[in-house]
Amino acid sequence: MGITARGVGLLVAAVVLLGAGFRFAYPELTLLGAAAGGAVGYAALVAAWRPRLTVTRRADPDRVARGEPASMALTVRNTGRLRSANLLAEDRCGQRTVPVPVLRLRPGRDTEVRYDVPTDRRGVVPVGPLRVTRRDPLGLVALARSYGAAVPVWVHPRIHPLTAVPRGAGRSLDGRVDGVPHGSITFDSLREYVVGDELRRVHWRTSARVGELMVRENVDTSLPRLVVLLDNRAVAHPQRVGGVAESFESACEAAASVVTAAHRADLPVLLLTVAAETLTSDGEADGPLGPLDRLAAADLSDDGDAVRAATTRLRQDRLGDTLIFLTGPGGRDELGHVGALRGAYPSVVVAVFGAAEPTPPGTAGLVVVDAADGAQFAAEWDGVRRW
């Protein structure tokens, strides 16, 4: 509860009038002071009354690519028995506020407001809660309350179409690794038959020996597995335009494009970040975040020494066949750690965004793509043949 400047002035006047009335025995001054104090007390009681409002909101849609239109529909319903007089409401949408007309809303009636959600920047735009301010008729006291929960609108990075798909890596028993254009099925193990298994997968010789039906388990050993490593360190993206690291935005667009292309080609893909992810959303997701949601919520980290730990983890786990490292101008000093992963990953490709000068050829023995933004990365992607 907050007392307005008018209320503070009236309260001070009430104290002065009461003091002067009692001190100099003027009943008129005492009466005026009591009336002024009573007015402030009445204003506090009126403002303290909590209106019964139900707030529902619907994002259309709640997930968009950067630059695509998105809107929010807000409905406020008066579920009480009294008219919601002397109410001012505004809804929070990112960094701005939107006025909502609820003044003198009748019982059982509702009002709806639809407005555009800004999608000019990648990120998670928090929408809500509705802030309702109640004032007394004299404007002495104002009390603000929040209604409804905040709803996030996920603004994904732009996705640029990619046509090239990395080849698989066929591994033989002698350790040789060969490039193959598509996946191939290879025998892996035997297990007991369960209802629903295809009879053509039954291994009859083993079944006759053990006395039960055994079926073959196959695995696609050469199916390309992509690992996208996004450099989210602040030192890797030192340049700022209006407080925004454009090289990091371009790297996020490239990551989103690779992940989307892999999903469309039914290829397994894993999105990782160099430093621990920090989400910028004020809202909560319904479940585990998908890759595009993670890219929408990704932010830069101050952990400048995270490359060594990330590459060590990648070398130990060997999570895929093709490693795609996306970084900024400040990440070229760490390419030696990435180049050391060539023994664990048959194909390693590096993309550097926003660098003033091109990366010297053959740096750390890697294939390096210099791109100004995500669109140029997509245009040069087909030229990368080291798969």
# chains A, B, ... in the order shown; residues from 1 in each chain; ligands from 1
call {"tool": "residues_around", "arguments": {"residues": "stretch 154-161 of chain A", "least_positions_apart": "2", "cutoff": "9 Å", "atoms": "only C-alpha atoms", "output": "PyMOL selection string"}}
result
chain A and resi 62-68+119-126+152+163+249-250+252-258+260-261+281+292-297+374-375+377-379
call {"tool": "write_last_selection", "arguments": {"atoms": "N, CA and C atoms", "output": "short mmCIF file (atom, residue, chain, number, x, y, z; two decimals), in the first residue's frame"}}
result
data_model
loop_
_atom_site.label_atom_id
_atom_site.label_comp_id
_atom_site.auth_asym_id
_atom_site.auth_seq_id
_atom_site.Cartn_x
_atom_site.Cartn_y
_atom_site.Cartn_z
N ASP A 62 2.89 -19.25 -29.10
CA ASP A 62 3.80 -19.02 -27.97
C ASP A 62 5.25 -19.31 -28.33
N ARG A 63 5.48 -19.81 -29.55
CA ARG A 63 6.84 -20.06 -30.04
C ARG A 63 6.93 -19.59 -31.49
N VAL A 64 7.82 -18.65 -31.74
CA VAL A 64 7.97 -18.09 -33.09
C VAL A 64 9.45 -17.92 -33.37
N ALA A 65 9.78 -17.83 -34.65
CA ALA A 65 11.13 -17.48 -35.05
C ALA A 65 11.29 -15.97 -34.97
N ARG A 66 12.50 -15.54 -34.84
CA ARG A 66 12.78 -14.12 -34.72
C ARG A 66 12.23 -13.36 -35.92
N GLY A 67 11.47 -12.31 -35.64
CA GLY A 67 10.88 -11.49 -36.69
C GLY A 67 9.48 -11.91 -37.10
N GLU A 68 9.03 -13.08 -36.72
CA GLU A 68 7.68 -13.51 -37.06
C GLU A 68 6.67 -12.89 -36.09
N THR A 119 9.07 -9.40 -31.22
CA THR A 119 9.87 -10.56 -31.60
C THR A 119 11.08 -10.15 -32.43
N ASP A 120 11.50 -8.91 -32.29
CA ASP A 120 12.64 -8.45 -33.07
C ASP A 120 13.97 -8.96 -32.53
N ARG A 121 13.97 -9.56 -31.33
CA ARG A 121 15.18 -10.10 -30.74
C ARG A 121 14.92 -11.53 -30.26
N ARG A 122 15.95 -12.38 -30.43
CA ARG A 122 15.86 -13.73 -29.89
C ARG A 122 15.80 -13.66 -28.37
N GLY A 123 15.05 -14.54 -27.76
CA GLY A 123 14.96 -14.58 -26.32
C GLY A 123 13.62 -15.10 -25.85
N VAL A 124 13.41 -14.99 -24.57
CA VAL A 124 12.15 -15.40 -23.95
C VAL A 124 11.49 -14.13 -23.42
N VAL A 125 10.36 -13.77 -24.01
CA VAL A 125 9.66 -12.55 -23.63
C VAL A 125 8.66 -12.89 -22.53
N PRO A 126 8.87 -12.40 -21.30
CA PRO A 126 7.89 -12.67 -20.24
C PRO A 126 6.68 -11.74 -20.38
N PRO A 152 5.55 -17.13 -20.78
CA PRO A 152 6.67 -16.80 -21.67
C PRO A 152 6.31 -17.02 -23.13
N THR A 163 21.12 -27.71 -47.00
CA THR A 163 20.86 -28.85 -47.87
C THR A 163 21.85 -29.99 -47.66
N GLU A 249 24.39 -14.04 -31.66
CA GLU A 249 23.10 -14.23 -32.30
C GLU A 249 23.25 -15.03 -33.58
N SER A 250 24.30 -14.76 -34.35
CA SER A 250 24.53 -15.50 -35.58
C SER A 250 24.87 -16.96 -35.28
N CYS A 252 23.81 -18.67 -32.73
CA CYS A 252 22.56 -19.33 -32.35
C CYS A 252 21.72 -19.66 -33.59
N GLU A 253 21.71 -18.76 -34.59
CA GLU A 253 20.98 -19.05 -35.82
C GLU A 253 21.60 -20.24 -36.54
N ALA A 254 22.92 -20.32 -36.57
CA ALA A 254 23.57 -21.45 -37.20
C ALA A 254 23.27 -22.75 -36.47
N ALA A 255 23.29 -22.72 -35.14
CA ALA A 255 22.97 -23.91 -34.36
C ALA A 255 21.54 -24.36 -34.62
N ALA A 256 20.61 -23.41 -34.65
CA ALA A 256 19.21 -23.75 -34.91
C ALA A 256 19.05 -24.34 -36.31
N SER A 257 19.79 -23.82 -37.28
CA SER A 257 19.69 -24.32 -38.66
C SER A 257 20.22 -25.74 -38.77
N VAL A 258 21.36 -26.02 -38.12
CA VAL A 258 21.92 -27.37 -38.16
C VAL A 258 21.00 -28.37 -37.46
N THR A 260 17.76 -28.16 -36.93
CA THR A 260 16.54 -28.36 -37.71
C THR A 260 16.80 -29.23 -38.93
N ALA A 261 17.91 -28.99 -39.64
CA ALA A 261 18.23 -29.81 -40.80
C ALA A 261 18.45 -31.27 -40.41
N SER A 281 14.60 -16.79 -18.93
CA SER A 281 13.14 -16.72 -18.91
C SER A 281 12.62 -16.43 -17.51
N LEU A 292 15.50 -25.76 -29.70
CA LEU A 292 15.18 -24.39 -30.10
C LEU A 292 14.80 -23.53 -28.91
N ASP A 293 14.10 -24.11 -27.93
CA ASP A 293 13.80 -23.36 -26.71
C ASP A 293 15.07 -23.03 -25.95
N ARG A 294 15.99 -23.97 -25.91
CA ARG A 294 17.26 -23.72 -25.22
C ARG A 294 18.04 -22.61 -25.92
N LEU A 295 18.00 -22.60 -27.25
CA LEU A 295 18.68 -21.53 -27.98
C LEU A 295 17.99 -20.19 -27.77
N ALA A 296 16.67 -20.20 -27.64
CA ALA A 296 15.96 -18.95 -27.36
C ALA A 296 16.35 -18.38 -26.01
N ALA A 297 16.55 -19.26 -25.04
CA ALA A 297 16.84 -18.81 -23.67
C ALA A 297 18.33 -18.69 -23.39
N GLY A 374 24.26 -15.82 -39.81
CA GLY A 374 23.73 -17.14 -40.04
C GLY A 374 23.39 -17.41 -41.49
N ALA A 375 22.97 -16.39 -42.22
CA ALA A 375 22.63 -16.57 -43.63
C ALA A 375 23.87 -16.92 -44.44
N PHE A 377 26.56 -18.33 -43.29
CA PHE A 377 26.95 -19.68 -42.87
C PHE A 377 26.16 -20.73 -43.65
N ALA A 378 24.86 -20.51 -43.82
CA ALA A 378 24.04 -21.45 -44.58
C ALA A 378 24.47 -21.50 -46.03
N ALA A 379 24.88 -20.35 -46.60
CA ALA A 379 25.30 -20.32 -48.00
C ALA A 379 26.61 -21.06 -48.21
#
call {"tool": "select_by_dssp", "arguments": {"residues": "stretch 37-183 of chain A", "states": "strand (DSSP E or B)", "output": "number ranges by chain"}}
result
A: 53-60, 63-65, 71-78, 84, 87-93, 96-100, 105, 110-116, 123-135, 141-147, 151-156, 168-171, 177-180
call {"tool": "closest_residue", "arguments": {"among": "A:Val369, A:Asp299, A:His263, A:Thr359", "to": "A:Leu162", "atoms": "only C-alpha atoms"}}
result
A:His263
call {"tool": "residues_around", "arguments": {"residues": "A:Val235", "least_positions_apart": "3", "cutoff": "10 Å", "atoms": "only C-alpha atoms", "output": "list in words"}}
result
Asp231, Asn232, Pro238, Gln239, Leu300, Ser301, Asp302, Asp303, Gly304, Asp305, Gly328, Pro329, Gly330 and Gly331 of chain A
call {"tool": "residues_around", "arguments": {"residues": "A:Leu10", "least_positions_apart": "6", "cutoff": "12 Å", "atoms": "only C-alpha atoms", "output": "list in words"}}
result
Ile3, Thr4, Val16, Leu17, Leu32, Gly33, Ala34, Ala35, Ala36, Gly37, Gly38, Ala39, Val40, Gly41, Ala43, Leu138, Gly139, Leu140 and Val141 of chain A
call {"tool": "closest_residue", "arguments": {"among": "A:Val367, A:Leu335, A:Met72, A:Ile324", "to": "A:Gly94", "atoms": "only C-alpha atoms"}}
result
A:Met72
call {"tool": "atom_distance", "arguments": {"atom1": "atom CA of A:Pro224", "atom2": "atom CA of A:Tyr345"}}
result
11.2 Å
call {"tool": "atom_distance", "arguments": {"atom1": "atom CA of A:Ala73", "atom2": "atom CA of A:Ala89"}}
result
15.0 Å
call {"tool": "select_by_dssp", "arguments": {"residues": "stretch 51-249 of chain A", "states": "helix (DSSP H, G or I)", "output": "PyMOL selection string"}}
result
chain A and resi 199-201+204-210+234-236+246-249
call {"tool": "write_last_selection", "arguments": {"atoms": "all heavy atoms", "output": "short mmCIF file (atom, residue, chain, number, x, y, z; two decimals), in the first residue's frame"}}
result
data_model
loop_
_atom_site.label_atom_id
_atom_site.label_comp_id
_atom_site.auth_asym_id
_atom_site.auth_seq_id
_atom_site.Cartn_x
_atom_site.Cartn_y
_atom_site.Cartn_z
N LEU A 199 9.23 -62.38 -37.10
CA LEU A 199 9.81 -63.72 -37.16
C LEU A 199 11.06 -63.76 -38.02
O LEU A 199 11.93 -64.62 -37.81
CB LEU A 199 8.77 -64.70 -37.71
CG LEU A 199 7.57 -64.98 -36.77
CD1 LEU A 199 6.61 -65.95 -37.43
CD2 LEU A 199 8.05 -65.53 -35.43
N ARG A 200 11.20 -62.83 -38.96
CA ARG A 200 12.39 -62.84 -39.80
C ARG A 200 13.64 -62.45 -39.04
O ARG A 200 14.75 -62.66 -39.53
CB ARG A 200 12.20 -61.90 -40.99
CG ARG A 200 12.02 -60.45 -40.61
CD ARG A 200 11.84 -59.58 -41.85
NE ARG A 200 11.66 -58.18 -41.50
CZ ARG A 200 11.56 -57.21 -42.41
NH1 ARG A 200 11.62 -57.50 -43.70
NH2 ARG A 200 11.40 -55.95 -42.02
N ARG A 201 13.46 -61.91 -37.84
CA ARG A 201 14.61 -61.56 -37.02
C ARG A 201 15.01 -62.68 -36.07
O ARG A 201 15.97 -62.53 -35.31
CB ARG A 201 14.32 -60.28 -36.22
CG ARG A 201 14.16 -59.04 -37.09
CD ARG A 201 13.67 -57.86 -36.29
NE ARG A 201 14.53 -57.60 -35.14
CZ ARG A 201 14.22 -56.75 -34.15
NH1 ARG A 201 13.06 -56.12 -34.20
NH2 ARG A 201 15.04 -56.56 -33.15
N TRP A 204 17.54 -68.76 -35.83
CA TRP A 204 17.09 -70.12 -35.61
C TRP A 204 18.19 -71.02 -35.06
O TRP A 204 17.92 -71.90 -34.22
CB TRP A 204 16.54 -70.70 -36.92
CG TRP A 204 15.35 -69.94 -37.42
CD1 TRP A 204 15.30 -69.09 -38.46
CD2 TRP A 204 14.03 -69.98 -36.86
NE1 TRP A 204 14.04 -68.56 -38.62
CE2 TRP A 204 13.23 -69.09 -37.64
CE3 TRP A 204 13.44 -70.65 -35.79
CZ2 TRP A 204 11.89 -68.87 -37.38
CZ3 TRP A 204 12.10 -70.44 -35.53
CH2 TRP A 204 11.33 -69.56 -36.30
N ARG A 205 19.40 -70.85 -35.49
CA ARG A 205 20.48 -71.72 -35.00
C ARG A 205 20.67 -71.56 -33.51
O ARG A 205 20.77 -72.55 -32.77
CB ARG A 205 21.77 -71.39 -35.75
CG ARG A 205 22.94 -72.31 -35.38
CD ARG A 205 24.16 -71.97 -36.19
NE ARG A 205 23.88 -72.13 -37.63
CZ ARG A 205 24.76 -71.85 -38.58
NH1 ARG A 205 25.96 -71.38 -38.26
NH2 ARG A 205 24.45 -72.01 -39.85
N THR A 206 20.72 -70.33 -33.04
CA THR A 206 20.89 -70.10 -31.61
C THR A 206 19.64 -70.55 -30.84
O THR A 206 19.74 -71.09 -29.73
CB THR A 206 21.16 -68.62 -31.34
OG1 THR A 206 22.30 -68.20 -32.09
CG2 THR A 206 21.40 -68.36 -29.87
N SER A 207 18.46 -70.34 -31.43
CA SER A 207 17.22 -70.77 -30.76
C SER A 207 17.19 -72.27 -30.57
O SER A 207 16.75 -72.78 -29.52
CB SER A 207 16.01 -70.32 -31.59
OG SER A 207 15.99 -68.91 -31.76
N ALA A 208 17.66 -73.03 -31.58
CA ALA A 208 17.68 -74.49 -31.44
C ALA A 208 18.68 -74.93 -30.38
O ALA A 208 18.46 -75.92 -29.67
CB ALA A 208 18.03 -75.12 -32.80
N ARG A 209 19.77 -74.19 -30.23
CA ARG A 209 20.79 -74.58 -29.25
C ARG A 209 20.35 -74.29 -27.82
O ARG A 209 20.60 -75.09 -26.91
CB ARG A 209 22.10 -73.85 -29.57
CG ARG A 209 23.26 -74.32 -28.69
CD ARG A 209 24.60 -73.73 -29.11
NE ARG A 209 24.62 -72.28 -28.93
CZ ARG A 209 24.63 -71.42 -29.92
NH1 ARG A 209 24.58 -71.85 -31.18
NH2 ARG A 209 24.66 -70.12 -29.68
N VAL A 210 19.71 -73.15 -27.58
CA VAL A 210 19.34 -72.79 -26.21
C VAL A 210 17.94 -73.24 -25.84
O VAL A 210 17.55 -73.20 -24.68
CB VAL A 210 19.47 -71.27 -26.01
CG1 VAL A 210 20.89 -70.81 -26.27
CG2 VAL A 210 18.48 -70.52 -26.89
N ALA A 234 31.27 -15.16 -22.90
CA ALA A 234 31.27 -13.73 -23.24
C ALA A 234 32.58 -13.32 -23.89
O ALA A 234 32.58 -12.45 -24.77
CB ALA A 234 31.02 -12.90 -21.97
N VAL A 235 33.71 -13.95 -23.52
CA VAL A 235 35.00 -13.58 -24.10
C VAL A 235 35.07 -13.98 -25.57
O VAL A 235 35.86 -13.41 -26.33
CB VAL A 235 36.15 -14.23 -23.31
CG1 VAL A 235 36.21 -13.67 -21.90
CG2 VAL A 235 36.01 -15.74 -23.28
N ALA A 236 34.27 -14.95 -25.99
CA ALA A 236 34.28 -15.37 -27.38
C ALA A 236 33.50 -14.42 -28.28
O ALA A 236 33.67 -14.44 -29.51
CB ALA A 236 33.70 -16.78 -27.51
N GLU A 246 26.20 -9.54 -31.62
CA GLU A 246 25.64 -10.03 -32.87
C GLU A 246 26.29 -11.34 -33.31
O GLU A 246 25.65 -12.17 -33.97
CB GLU A 246 25.80 -8.97 -33.97
CG GLU A 246 24.95 -7.72 -33.75
CD GLU A 246 23.46 -8.02 -33.83
OE1 GLU A 246 23.08 -9.07 -34.38
OE2 GLU A 246 22.67 -7.19 -33.32
N SER A 247 27.56 -11.54 -32.98
CA SER A 247 28.20 -12.80 -33.35
C SER A 247 27.56 -13.98 -32.62
O SER A 247 27.43 -15.07 -33.19
CB SER A 247 29.70 -12.74 -33.04
OG SER A 247 29.93 -12.52 -31.65
N PHE A 248 27.15 -13.78 -31.39
CA PHE A 248 26.47 -14.85 -30.67
C PHE A 248 25.08 -15.11 -31.24
O PHE A 248 24.64 -16.26 -31.32
CB PHE A 248 26.37 -14.49 -29.18
CG PHE A 248 25.73 -15.56 -28.34
CD1 PHE A 248 26.32 -16.81 -28.22
CD2 PHE A 248 24.54 -15.33 -27.67
CE1 PHE A 248 25.74 -17.80 -27.44
CE2 PHE A 248 23.95 -16.31 -26.90
CZ PHE A 248 24.56 -17.55 -26.78
N GLU A 249 24.39 -14.04 -31.66
CA GLU A 249 23.10 -14.23 -32.30
C GLU A 249 23.25 -15.03 -33.58
O GLU A 249 22.43 -15.92 -33.88
CB GLU A 249 22.45 -12.86 -32.59
CG GLU A 249 22.20 -12.00 -31.36
CD GLU A 249 21.27 -12.67 -30.38
OE1 GLU A 249 20.25 -13.25 -30.81
OE2 GLU A 249 21.56 -12.63 -29.17
#
call {"tool": "residues_around", "arguments": {"residues": "stretch 189-193 of chain A", "least_positions_apart": "3", "cutoff": "10 Å", "atoms": "only C-alpha atoms", "output": "ChimeraX atom specification"}}
result
/A:186,196-199,201-203,206-207,212-219
call {"tool": "atom_distance", "arguments": {"atom1": "atom CA of A:Ala310", "atom2": "atom CA of A:Gly242"}}
result
29.9 Å
call {"tool": "residues_around", "arguments": {"residues": "A:Tyr115", "least_positions_apart": "4", "cutoff": "12 Å", "atoms": "only C-alpha atoms", "output": "list in words"}}
result
Arg57, Arg58, Ala59, Asp60, Pro69, Ala70, Ser71, Met72, Ala73, Leu74, Thr75, Asp91, Arg92, Cys93, Arg96, Thr97, Val98, Pro99, Val100 and Val127 of chain A
call {"tool": "write_last_selection", "arguments": {"atoms": "C-alpha atoms", "output": "PDB file, in the first residue's frame"}}
result
ATOM      1  CA  ARG A  57      -4.103 -15.107 -21.334  1.00  0.00           C
ATOM      2  CA  ARG A  58      -3.380 -16.898 -24.593  1.00  0.00           C
ATOM      3  CA  ALA A  59      -0.300 -16.482 -26.761  1.00  0.00           C
ATOM      4  CA  ASP A  60      -0.827 -16.915 -30.498  1.00  0.00           C
ATOM      5  CA  PRO A  69       4.422 -12.031 -35.666  1.00  0.00           C
ATOM      6  CA  ALA A  70       3.093 -13.092 -32.273  1.00  0.00           C
ATOM      7  CA  SER A  71       0.225 -11.704 -30.226  1.00  0.00           C
ATOM      8  CA  MET A  72      -1.193 -12.027 -26.734  1.00  0.00           C
ATOM      9  CA  ALA A  73      -4.901 -12.152 -25.923  1.00  0.00           C
ATOM     10  CA  LEU A  74      -5.670 -11.095 -22.343  1.00  0.00           C
ATOM     11  CA  THR A  75      -9.117 -11.544 -20.789  1.00  0.00           C
ATOM     12  CA  ASP A  91       0.014  -5.788 -18.389  1.00  0.00           C
ATOM     13  CA  ARG A  92       3.742  -6.359 -18.574  1.00  0.00           C
ATOM     14  CA  CYS A  93       5.122  -7.424 -21.954  1.00  0.00           C
ATOM     15  CA  ARG A  96       7.031  -2.341 -21.809  1.00  0.00           C
ATOM     16  CA  THR A  97       3.564  -2.082 -20.286  1.00  0.00           C
ATOM     17  CA  VAL A  98       0.188  -2.297 -21.995  1.00  0.00           C
ATOM     18  CA  PRO A  99      -2.856  -0.499 -20.489  1.00  0.00           C
ATOM     19  CA  VAL A 100      -5.891  -2.703 -19.843  1.00  0.00           C
ATOM     20  CA  VAL A 127       4.262 -11.532 -20.491  1.00  0.00           C
TER      21      VAL A 127
END
call {"tool": "closest_residue", "arguments": {"among": "A:Arg131, A:Arg145, A:Arg109, A:Arg6", "to": "A:Trp49", "atoms": "only C-alpha atoms"}}
result
A:Arg145
call {"tool": "closest_residue", "arguments": {"among": "A:Val15, A:Leu326, A:Val76, A:Val228", "to": "A:Thr56", "atoms": "only C-alpha atoms"}}
result
A:Val76
call {"tool": "residues_around", "arguments": {"residues": "stretch 314-316 of chain A", "least_positions_apart": "2", "cutoff": "9 Å", "atoms": "only C-alpha atoms", "output": "list of chain:residue names"}}
result
A:Ala309, A:Ala310, A:Thr311, A:Thr312, A:Arg318, A:Leu319, A:Ala340, A:Leu341, A:Gly343, A:Ala344, A:Tyr345
call {"tool": "write_last_selection", "arguments": {"atoms": "N, CA, C and O atoms", "output": "PDB file, in the first residue's frame"}}
result
ATOM      1  N   ALA A 309      37.396 -27.727 -20.190  1.00  0.00           N
ATOM      2  CA  ALA A 309      36.533 -28.741 -19.572  1.00  0.00           C
ATOM      3  C   ALA A 309      35.560 -29.334 -20.587  1.00  0.00           C
ATOM      4  O   ALA A 309      35.293 -30.540 -20.579  1.00  0.00           O
ATOM      5  N   ALA A 310      35.021 -28.494 -21.488  1.00  0.00           N
ATOM      6  CA  ALA A 310      34.071 -28.996 -22.478  1.00  0.00           C
ATOM      7  C   ALA A 310      34.732 -29.958 -23.451  1.00  0.00           C
ATOM      8  O   ALA A 310      34.165 -31.013 -23.782  1.00  0.00           O
ATOM      9  N   THR A 311      35.919 -29.628 -23.937  1.00  0.00           N
ATOM     10  CA  THR A 311      36.609 -30.523 -24.874  1.00  0.00           C
ATOM     11  C   THR A 311      37.050 -31.810 -24.202  1.00  0.00           C
ATOM     12  O   THR A 311      37.035 -32.877 -24.829  1.00  0.00           O
ATOM     13  N   THR A 312      37.439 -31.728 -22.954  1.00  0.00           N
ATOM     14  CA  THR A 312      37.794 -32.956 -22.224  1.00  0.00           C
ATOM     15  C   THR A 312      36.592 -33.880 -22.093  1.00  0.00           C
ATOM     16  O   THR A 312      36.703 -35.102 -22.278  1.00  0.00           O
ATOM     17  N   ARG A 318      32.767 -39.165 -26.405  1.00  0.00           N
ATOM     18  CA  ARG A 318      32.639 -39.477 -27.836  1.00  0.00           C
ATOM     19  C   ARG A 318      31.161 -39.580 -28.224  1.00  0.00           C
ATOM     20  O   ARG A 318      30.642 -40.644 -28.534  1.00  0.00           O
ATOM     21  N   LEU A 319      30.505 -38.445 -28.190  1.00  0.00           N
ATOM     22  CA  LEU A 319      29.048 -38.397 -28.334  1.00  0.00           C
ATOM     23  C   LEU A 319      28.573 -38.479 -29.776  1.00  0.00           C
ATOM     24  O   LEU A 319      27.368 -38.600 -30.003  1.00  0.00           O
ATOM     25  N   ALA A 340      42.280 -30.808 -31.042  1.00  0.00           N
ATOM     26  CA  ALA A 340      42.698 -32.046 -30.391  1.00  0.00           C
ATOM     27  C   ALA A 340      41.607 -33.102 -30.380  1.00  0.00           C
ATOM     28  O   ALA A 340      41.875 -34.254 -30.030  1.00  0.00           O
ATOM     29  N   LEU A 341      40.372 -32.739 -30.767  1.00  0.00           N
ATOM     30  CA  LEU A 341      39.271 -33.699 -30.780  1.00  0.00           C
ATOM     31  C   LEU A 341      39.172 -34.463 -32.088  1.00  0.00           C
ATOM     32  O   LEU A 341      38.279 -35.300 -32.248  1.00  0.00           O
ATOM     33  N   GLY A 343      40.868 -36.833 -33.185  1.00  0.00           N
ATOM     34  CA  GLY A 343      41.017 -38.266 -33.000  1.00  0.00           C
ATOM     35  C   GLY A 343      39.750 -38.935 -32.513  1.00  0.00           C
ATOM     36  O   GLY A 343      39.519 -40.118 -32.785  1.00  0.00           O
ATOM     37  N   ALA A 344      38.920 -38.188 -31.791  1.00  0.00           N
ATOM     38  CA  ALA A 344      37.675 -38.761 -31.266  1.00  0.00           C
ATOM     39  C   ALA A 344      36.504 -38.543 -32.203  1.00  0.00           C
ATOM     40  O   ALA A 344      35.511 -39.281 -32.135  1.00  0.00           O
ATOM     41  N   TYR A 345      36.570 -37.542 -33.080  1.00  0.00           N
ATOM     42  CA  TYR A 345      35.474 -37.232 -33.997  1.00  0.00           C
ATOM     43  C   TYR A 345      36.044 -37.203 -35.417  1.00  0.00           C
ATOM     44  O   TYR A 345      36.899 -36.357 -35.725  1.00  0.00           O
TER      45      TYR A 345
END
